[in-house]
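Q: Take a look at this one; I'll ask things after.
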Amino acid sequence: MTTATLHEQLFRLPDLGEGLTEAEIIDWKVAVGDTVTIDQIVVEVETAKAAVEVPVPYAGTVLRLHAEAGTALGVGEPLITVGSGVPAGADGTGGRPGEDAAERYREEEQAGSGNVLIGYGTGHEPAPRRRRRRGAPTATASATSATSAIDSTAAAGPAAVVVPAADSAFAADSTSTAGPTPTAGPATAAGPAAAVVPHAPRAISPLVRRMAREHGIDLTALAPSGPAGVVLRRDVEQAVAQGTRPPAEPAPSVEPVSNGPVRIPLRGVRRAVADKLSRSRTEIPDATTWVDVDATGLLQAKKALEAAEPGRRVGLLALLARICVAGLRRYPELNSAVDTERREILRFEEVHLGFAAQTDRGLVVPVVRDAHRLTTVQLAAELARLTELARTGSLPPDRLTGGTFTLNNYGVFGVDGSTPIINHPEAALLGVGRIVDKPWVVDGALAVRKVTQLSFSFDHRVCDGGVAGGFLRFVADCVERPATLLADV
């Protein structure tokens, strides 16, 4: 039998959006030895903006995965190597023994991966994943070598970089263990362990370890059904279904440490927020001004709009967004950014309105493109759509960048006021507190009104207090008397 030569094609981590310099590997969708097609999703990464599913521009066989899950890669660093051509054993006669067992393990590693976001690619639908099975089901020296590779990978920790050999279907097999190894055949969920090993069961998959931890399952007490004594997802699911929780060994005694800190890495969205806010505080000489306003008229306008067309919902955020857009038209100095290197102010014609949204992954700022071109009803629909995408983690990267002004409704957290930090590199941000009943003087008489506080932070480099005060007063007047907006229609 002859061995076809594979032409290696290296795919590096692409530029995933404006200002993004690195991404963290969350989950590989393929493994070494898999067959991929052009534009097939191969990995899910988390950038400073969002989770992104990355497609590969080549077709062929996966030869190398250049980083493990949990590893941070910079843009342009090697991500995956794909070989074109027919690899040895593709005809089912020349594959190495033990590759079926390794392939089953790879399948387990992929289990539980959910689609989060497709924000990069050529626009084609992801091609269905195809798997080429090679080799006989009997495990020999290669299976033992794969076991050794699993052990070394687990010991290396999440930051280790694994670069398998180009001709390996699972792991490097330059070393092998002498003597026969047990047969690693398929096993059912209720069956006994498929591989007998002289050491405690292992659970390499992060998914399996997390499932066991969440359900209080002791992995060392389970009978592994995976190759080389690996506990698979089905083993944990079986234990959960049976309602059995094997007794865990007593936790080792830990000496108390005085003032011992818990270290939590800054990653993903949390890291992006930290970097952006730190840069904002470092670069921008910001100032904040605020005013209490009677929002009774705004609430009445909201009810009138919804009553005019039953079934149409126009939220307060949409009305505030419309007011901000009108204010930026009057005070265009605030719809800008500062180029610190060239010492220039960049004033934008378009209003790309960002709004703060709290999600399970942290604070994100979706951007409504060309907000100045939208009606109030269209703004409401777009805000609702982007909010839902943010909550499900499905926002594409281009909807998280390029904002020129930000609106932050922190009143939903039950707070009255704040001194909001400007969303760098923008020049201003409007914050809105909760709306509560307060005594208010109306036409010389005391009355109970719906009152809120507006906080406005601005970059003192782009304008002075007169412009900032004028903008805030305009917004306040529109909140108190929404008919004021008719002057700009």
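Labeling convention for the structure tokens: chains A, B, ... as they appear, residues from 1 per chain, ligands from 1 in order of appearance.
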Quick one: residues within 12 Å of A:Pro482, only C-alpha atoms counted, chain neighbours fewer than 4 positions away excluded, as an NGL selection string?
A: :A and (294-302 or 304-305 or 316 or 319-320 or 322-323 or 326 or 474-478 or 486-488)
Q: Which residues come within 10 Å of stretch 349-361 of chain A, counting only C-alpha atoms, excluding same-chain residues fewer than 4 positions away, as a ChimeraX atom specification?
A: /A:50-51,268-270,317,321-322,324-325,328-329,332,335-336,365-373,383,386-388,390-393,399-410,423,429-431
Q: Quick one: of A:Val467, A:Ile25, A:Leu20, A:Val432, who's nearest to A:Tyr331, counting only C-alpha atoms?
A: A:Val467
Q: Where in stretch 276-376 of chain A does DSSP assign strand (DSSP E or B), given as a PyMOL selection string?
A: chain A and resi 286-294+336-339+344-347+353-355+357-359+362-364+367-368
Q: Next, the residues of the selection above should be written as a PDB file, in the first residue's frame with C-alpha atoms.
A:
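Generated file (out_36.pdb):
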```pdb
ATOM      1  CA  ASP A 286     -14.214  63.206  31.808  1.00  0.00           C
ATOM      2  CA  ALA A 287     -16.709  65.258  33.734  1.00  0.00           C
ATOM      3  CA  THR A 288     -20.220  64.398  34.875  1.00  0.00           C
ATOM      4  CA  THR A 289     -23.293  66.564  35.264  1.00  0.00           C
ATOM      5  CA  TRP A 290     -26.796  65.535  36.243  1.00  0.00           C
ATOM      6  CA  VAL A 291     -30.347  66.750  36.673  1.00  0.00           C
ATOM      7  CA  ASP A 292     -33.605  65.450  38.195  1.00  0.00           C
ATOM      8  CA  VAL A 293     -36.507  65.452  35.746  1.00  0.00           C
ATOM      9  CA  ASP A 294     -40.230  64.860  35.825  1.00  0.00           C
ATOM     10  CA  SER A 336     -17.273  62.244  18.227  1.00  0.00           C
ATOM     11  CA  ALA A 337     -14.012  60.657  19.379  1.00  0.00           C
ATOM     12  CA  VAL A 338     -10.458  61.855  19.944  1.00  0.00           C
ATOM     13  CA  ASP A 339      -7.480  60.577  17.968  1.00  0.00           C
ATOM     14  CA  GLU A 344      -7.547  65.429  16.308  1.00  0.00           C
ATOM     15  CA  ILE A 345     -11.245  65.304  17.085  1.00  0.00           C
ATOM     16  CA  LEU A 346     -13.172  62.933  14.826  1.00  0.00           C
ATOM     17  CA  ARG A 347     -16.748  64.140  14.436  1.00  0.00           C
ATOM     18  CA  LEU A 353     -26.149  54.362  19.251  1.00  0.00           C
ATOM     19  CA  GLY A 354     -24.823  51.892  21.808  1.00  0.00           C
ATOM     20  CA  PHE A 355     -26.865  50.794  24.808  1.00  0.00           C
ATOM     21  CA  ALA A 357     -27.123  45.370  28.265  1.00  0.00           C
ATOM     22  CA  GLN A 358     -26.428  43.069  31.200  1.00  0.00           C
ATOM     23  CA  THR A 359     -26.119  39.393  30.231  1.00  0.00           C
ATOM     24  CA  GLY A 362     -21.250  40.191  31.565  1.00  0.00           C
ATOM     25  CA  LEU A 363     -21.930  43.716  30.396  1.00  0.00           C
ATOM     26  CA  VAL A 364     -22.082  44.196  26.634  1.00  0.00           C
ATOM     27  CA  VAL A 367     -24.867  49.096  18.733  1.00  0.00           C
ATOM     28  CA  VAL A 368     -27.875  50.322  16.743  1.00  0.00           C
TER      29      VAL A 368
END
```
Q: If you run DSSP on the backbone here, which positions in stretch 257-387 of chain A get helix (DSSP H, G or I)? Please write them as JSON, numbers by chain.
A: {"A": [268, 269, 270, 271, 272, 273, 274, 275, 276, 277, 278, 279, 280, 281, 282, 283, 296, 297, 298, 299, 300, 301, 302, 303, 304, 305, 306, 307, 308, 316, 317, 318, 319, 320, 321, 322, 323, 324, 325, 326, 327, 328, 329, 330, 332, 333, 334, 371, 372, 373, 376, 377, 378, 379, 380, 381, 382, 383, 384, 385, 386, 387]}
Q: Hey, can you check how far atom CA of A:Pro224 sits from atom CA of A:Ala31?
A: 21.7 Å
Q: Atom CA of A:Asp416 and atom CA of A:Val436, how far apart in Å?
A: 8.8 Å
Q: Rounded to one decimal, what separation in Å do you get between atom CA of A:Lys276 and atom CA of A:Ala23?
A: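 Separation of atom CA of A:Lys276 and atom CA of A:Ala23: 16.0 Å.
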Q: Hey, which of A:Leu334, A:Ile284, A:Ala212, A:Leu485 ends up closest to A:Gly469? Count only C-alpha atoms.
A: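 Looking only at the distances to A:Gly469, the closest residue turns out to be A:Leu334.
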Q: Using only C-alpha atoms, find the one residue out of A:Ile435, A:Ala272, A:Ala239, A:Val208 that sits nearest to A:Thr21.
A: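 For A:Thr21, the nearest of the candidates is A:Ala272.
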